[in-house]
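Input: a single structure, listed below in structure tokens.
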Amino acid sequence: MASSSSSLAFSLSLFLALILCFSPTQSSKTIGKGYRLISIEESPDGGFIGYLQVKQKNKIYGSDITTLRLFVKHETDSRLRVHITDAKQQRWEVPYNLLPREQPPQVGKVIGKSRKSPITVQEISGSELIFSYTTDPFTFAVKRRSNHETLFNTSSSLVFKDQYLEISTSLPKEASLYGLGENSQANGIKLVPNEPYTLYTEDVSAINLNTDLYGSHPMYMDLRNVGGNAYAHAVLLLNSNGMDVFYRGDSLTYKVIGGVFDFYFIAGPSPLNVVDQYTQLIGRPAPMPYWSLGFHQCRWGYHNLSVVEDVVDNYKKAKIPLDVIWNDDDHMDGHKDFTLNPVAYPRAKLLAFLDKIHKIGMKYIVINDPGIGVNASYGTYQRAMAADVFIKYEGKPFLAQVWPGPVYFPDFLNPKTVSWWGDEIKRFHDLVPIDGLWIDMNEVSNFCSGLCTIPQRKQCPSGEGPGWVCCLDCKNITKTRWDDPPYKINATGVVAPVGFKTIATSATHYNGVREYDAHSIYGFSETIATHKGLLDVKGKRPFILSRSTFVGSGKYAAHWTGDNQGTWQSLQVSISTMLNFGIFGVPMVGSDICGFYPQPTEELCNRWIEVGAFYPFSRDHANYYSPRQELYQWDTVADSARNALGMRYKILPFLYTLNYEAHMTGAPIARPLFFSFPEYTECYGNSRQFLLGSSLMISPVLEKGKTEVEALFPPGSWYHMFDMTQAIVSKNGKRVTLSAPLNFVNVHLYQNTILPMQQGGLISKDARTTPFSLVITFPAGASEGYATGKLYLDEDELPEMKLGNGQSTYVDFYASVGNGTVKMWSQVKEGKFALSKGWVIEKVSVLGLKGTGQASEIQINGSPMTKKIEVSSKEHTYVIGLEDEEENKSVMVEVRGLEMLVGKDFNMSWKMGIN
């Protein structure tokens with residue numbers, strides 16, 4: 001659905017004057033003298049507890065908290081926690097029931113005693129990380145044990161007030177930083193010094209660059225090349241309050257308006273190690289159903305069911321794959337959640353349509369916003385009022401306005417709300433058998449600001465003009481320090497008030513929790529409640545798409561990157577945002593293909609589907625006010641879609657296996673190149689290409705009028721997936737200009753890989769039934785080589801994604817070449833499921849072989865082949881070197897007509913003639 005603030009940047013200029021009054025760059029040296037460490041001792045749980053005393057109080061941004069409690073613990077070999085809070089009373093923290101983790105000791109009366117002979121420097125050592133500190137003023141540093149690199153160093157003074165916390169770390173200038181989102185980073189995935197990084201969930205259109213958007217992820221990954229070796233680590237500040245983070249190139253400063261300092265240091269040392277260790281803390285990414293990896297079509301403006309039926313039919317006629325059809329709020333009665341429009345979407349006809357598409361394997365998903373229409377005849381509202389589930393302001397439900405008009409917002413921190421919400425999901429599922437839920441506007445978005453009432457003498461909304469214009473009678477709320485905090489974060493990029501176009505931050509949640517503290521976890525708490533509701537109703541693996549996200553959201557939901565533009569810049573930015581969310585532990589992510597608004601050009605939509613076909617979450621979505629942009633609307637775009645999505649549907653087994661890896665280890669599905677090539681510094685800032693898994697590289701056209709693309713090839717052999725006779729061999733890494741006509745996308749597979757594929761189809765359910773093939777890549781022309789791959793298969797609607805349940809299979813594939821012999825074999829775990837499906841490997845393609853191409857003495861499972869099979873070979877042409885671009889030859893051998901069972905170990909070999 002369209003953002004309520006698509007033109008927000010144009011309507012907030014009045015707040016610019018605030019910048020003059022409250023400078024967010026004020027130095028901590030002018031704010032305070034920091035703290036001194038007065039005691040430290042080991043705690044019973046293996047951590048250390050210390051007490052800090054303020055050195056000199058001042059009133060800038062409020063009074064200093066006199067005594068702080070420091071808690072330090074090596075929670076695992078690779079994770080260090082440093083927690084600093086008020087020593088005398090509990091402060092707001094991200095709720096432990098929402099994000100389960102170890103709890104530090106309870107705060108209370110100060111028990112520490114000053115040491116008689118204070119030690120000025122001391123270390124608390126762990127297996128991978130070392131915590132060291134100085135006592136007066138108190139500073140701390142985190143070092144890597146293996147190479148003694150300092151990862152974090154608070155050399156300046158610590159500031160800790162009720163509504164203002166500040167801490168800084170110095171950084172080496174060669175450090176490459178990634179993360180600190182969500183924002184649209186115009187300069188790519190690598191953080192750029194002196195750009196604003198504000199974390200506070202806002203309904204700000206993604207067309208606004210370098211500003212706080214829908215999610216808050218206060219973590220960054222730091223990648224350094226030290227003496228030719230790459231080391232990555234991550235730093236998470238687990239805090240849901242609004243914050244500015246200032247990255248200067250040689251330093252990074254946090255300025256936070258509440259909560260505590262709760263730092264987690266993740267040792268790595270590889271980028272994959274980092275996300276593994278990070279998601280071990282915040283929760284492993286959710287398992288996704290197989291069909292969700294297919295292609296999705298949505299539009300705000302499918303005015304009635306016949307339009308939806310027509311869209312599905314036209315995709316089929318155009319022979320473009322489609323797995324999921326979506327409804328924005330067009331299906332609703334008056335924009336109200338959990339309702340059907342009886343005229344545009346009559347239930348009987350909708351059920352007949354859903355029965356038809358469900359039988360062929362297609363799915364149906366609808367939108368849901370958190371705002372519940374204030375309407376006495378509306379059942380969902382009646383039940384909500386009876387259960388008392390809404391966020392309050394001075395004891396009454398807080399009134400806001402979203403699409404239905406006046407609304408109240410459910411308080412998902414309240415256990416009663418979670419139960420009520422689950423019941424509403426069940427009631428709606430009984431009405432319409434949906435296959436997932438799309439939760440939008442959950443930053444939370446409000447078309448009004450301040451304290452509002454329903455007008456008495458006018459209709460609200462009137463039905464005229466844009467639906468996002470506030471029609472309530474409202475007054476500003478600035479009487480409390482929660483609505484008008486002393487430090488102004490750079491909200492929406494223009495220092496907007498923290499309650500602008502959202503819930504008043506002095507409103508209260510369950511148990512008196514202020515919106516001021518809980519604001520950025522609203523979407524996260526709704527996601528958890530929605531996940532529970534769908535799981536309870538369907539008993540199947542839930543699929544949830546959420547706009548607002550927080551640390552840990554990936555455990556429950558996928559994410560799309562919000563209201564983007566149909567522009568070349570938005571296409572480019574989509575890659576950076578996607579890659580960031582993989583680092584954040586939300587691997588199922590994508591952007592609106594072709595752009596949400598305005599209508600893209602035909603050329604742009606061609607190029608966008610060639611990128612979007614390889615997003616982990618692949619969906620075309622358009623605005624109510626834009627012309628239609630389904631992929632069949634232009635003949636050339638339909639050609640590009642059939643080509644790019646055709647490849648996607650062939651590699652669905654690979655994508656699903658990556659989904660399994662993400663669930664087990666956090667590994668992103670889409671990754672920056674440096675994940676596989678961390679020593680190759682040339683790729684550290686590359687945001688124009690990306691990898692799927694460790695080895696499949698996408699090099700798209702991202703600029704108007706281009707029919708070539710300059711692609712970076714890290715060292716090794718790369719084989720073109722659309723023409724496997726073409727290869728690039730890069731000795732030390734090189735840039736290559738690739739041909740890229742309008743309907744063509746460059747996808748290359750790296751050496752030493754075994755890629756499982758199927759034959760594709762128009763629906764993933766059908767594609768799953770086709771025979772498998774294996775593509776095996778060796779270094780081009782090598783006489784010796786080794787390759788590996790893997791495959792995970794299961795009954796994809798099971799709630800859990802795991803082995804050992806009798807309905808899943810995992811296969812490791814291996815291959816080698818040496819002494820003129822090619823060998824390949826598999827090791828199967830839990831083969832029963834794959835055997836029950838009768839899946840077979842029908843073809844093997846081996847690339848990069850040295851020899852004449854004549855395969856002989858073919859054996860399977862130790863016996864010569866007796867059945868008739870087809871063996872063919874083709875020469876690869878590949879370019880080698882850096883300047884001379886000398887052509888060389890190697891051989892691809894294909895063996896067809898095989899019937900090797902996926903669910904059973906096999907081994908296969910043949911002899912190659914040697915030149």
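Lettering and numbering for the structure tokens are positional, with chains as A, B, ... in the shown order, residues counted from 1 in each chain, and ligands counted from 1 in the shown order.
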
### Query
Could you pull the residues within 6 Å of region 853-866 of chain A, counting only C-alpha atoms, minus those fewer than 4 positions along the same chain, as a PyMOL selection string?
chain A and resi 873+891+906-913

### Message
Among region 317-524 of chain A, which ones does DSSP assign to strand (DSSP E or B) (computed from the backbone)? Answer as a VMD selection string.
### Response
chain A and resid 324 to 327 363 to 368 372 to 373 390 392 to 393 396 to 397 399 to 402 405 to 408 410 437 to 439 451 to 453 473 to 475 508 514

### Query
Between CA of Lys363 (chain A) and CA of Trp291 (chain A), what is the distance, to one decimal in Å?
7.9 Å

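For region 763-772 of chain A, the non-local neighbours within 8 Å, defined as residues at least 4 positions apart in the same chain or in other chains and counting only C-alpha atoms, are Tyr290, Trp291, Gly294, Pro321, Leu322, Asp323, Ile360, Gly361, Met362, Tyr649, Lys650, Leu652, Pro653, Pro756, Met757, Gln758, Gln759, Trp839, Val840, Ile841, Glu842 and Lys843 of chain A.
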
### Query
Between A:Ile503, A:Val589, A:Leu793, A:Ile439, which one has atoms that come closest to Asp483 (chain A), using only C-alpha atoms?
A:Ile503

#### Entry: Residue list (alpha helix (DSSP H), DSSP) for region 663-764 of chain A, as a ChimeraX atom specification
/A:663-665,764

Which polymer residues have any atom within 7 Å of an atom of Asn446 (chain A), counting only C-alpha atoms, with same-chain residues fewer than 6 positions away left out, as a compact mmCIF listing (two decimals) with N, CA and C atoms, in the first residue's frame?
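Below is the file that was written, selection.txt:
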# COMPACT_ATOMS: atom_id res chain seq x y z
N ALA A 400 -5.93 7.57 16.41
CA ALA A 400 -5.10 7.90 15.26
C ALA A 400 -5.95 7.79 14.00
N GLN A 401 -5.32 8.02 12.86
CA GLN A 401 -6.02 7.85 11.59
C GLN A 401 -5.13 7.11 10.60
N VAL A 402 -5.68 6.07 10.03
CA VAL A 402 -5.01 5.40 8.91
C VAL A 402 -6.09 5.15 7.86
N LYS A 501 3.57 11.82 12.93
CA LYS A 501 2.91 10.82 12.09
C LYS A 501 3.03 9.40 12.66
N THR A 502 2.97 9.31 13.99
CA THR A 502 2.98 8.00 14.64
C THR A 502 2.24 8.14 15.97
N ILE A 503 2.38 7.16 16.84
CA ILE A 503 1.75 7.24 18.16
C ILE A 503 2.48 8.27 19.02

Hey, which bits of region 353-416 of chain A sit within 8 Å of region 451-457 of chain A, and for each residue what's the closest pair of atoms and how far apart in Å (one decimal), counting only C-alpha atoms, rows by chain and increasing number, as JSON lines?
{"residue": "A:Phe398", "atom": "CA", "partner": "A:Leu451", "partner_atom": "CA", "distance": 7.9}
{"residue": "A:Leu399", "atom": "CA", "partner": "A:Cys452", "partner_atom": "CA", "distance": 6.1}
{"residue": "A:Ala400", "atom": "CA", "partner": "A:Cys452", "partner_atom": "CA", "distance": 6.9}
{"residue": "A:Pro406", "atom": "CA", "partner": "A:Ile454", "partner_atom": "CA", "distance": 7.1}

### Task
Would you list the contacts of region 298-315 of chain A as an NGL selection string, taking every protein, DNA or RNA residue within 9 Å and counting only C-alpha atoms, but skipping same-chain residues closer than 4 positions in sequence?
:A and (1-2 or 319-322 or 324-331 or 341 or 343-346 or 349-350 or 353 or 357 or 596 or 619-625 or 628-632 or 762)

Go ahead and save the residues from that selection, with C-alpha atoms, as a compact mmCIF listing (two decimals), in the first residue's frame.
# COMPACT_ATOMS: atom_id res chain seq x y z
CA MET A 1 0.00 0.00 0.00
CA ALA A 2 1.14 3.55 -0.60
CA LYS A 319 3.92 -18.39 -19.99
CA ILE A 320 5.49 -16.35 -17.18
CA PRO A 321 5.88 -18.23 -13.87
CA LEU A 322 3.57 -17.15 -11.04
CA VAL A 324 1.37 -16.20 -5.48
CA ILE A 325 -1.30 -13.60 -6.17
CA TRP A 326 -1.73 -10.83 -3.60
CA ASN A 327 -4.37 -8.33 -2.58
CA ASP A 328 -3.57 -4.96 -1.12
CA ASP A 329 -6.55 -3.48 0.73
CA ASP A 330 -8.89 -3.70 -2.27
CA HIS A 331 -10.48 -6.85 -0.88
CA ASN A 341 -15.84 -6.19 0.38
CA VAL A 343 -19.49 -6.21 -3.80
CA ALA A 344 -15.94 -6.26 -5.21
CA TYR A 345 -14.89 -9.55 -3.55
CA PRO A 346 -18.06 -11.57 -2.88
CA LYS A 349 -16.83 -16.17 -5.86
CA LEU A 350 -13.59 -15.60 -3.99
CA PHE A 353 -11.32 -18.70 -7.25
CA ILE A 357 -5.77 -21.77 -7.79
CA PHE A 596 6.02 1.04 -6.61
CA ARG A 619 7.45 -9.70 -6.16
CA ASP A 620 6.09 -7.16 -8.62
CA HIS A 621 4.01 -4.54 -6.78
CA ALA A 622 2.58 -1.24 -8.01
CA ASN A 623 0.71 1.81 -6.76
CA TYR A 624 -3.01 2.49 -6.99
CA TYR A 625 -2.32 5.65 -9.02
CA ARG A 628 -0.56 -1.38 -14.78
CA GLN A 629 2.89 -2.93 -14.79
CA GLU A 630 2.42 -6.70 -14.61
CA LEU A 631 5.26 -8.36 -16.46
CA TYR A 632 3.07 -9.29 -19.44
CA LEU A 762 5.17 -22.03 -14.39
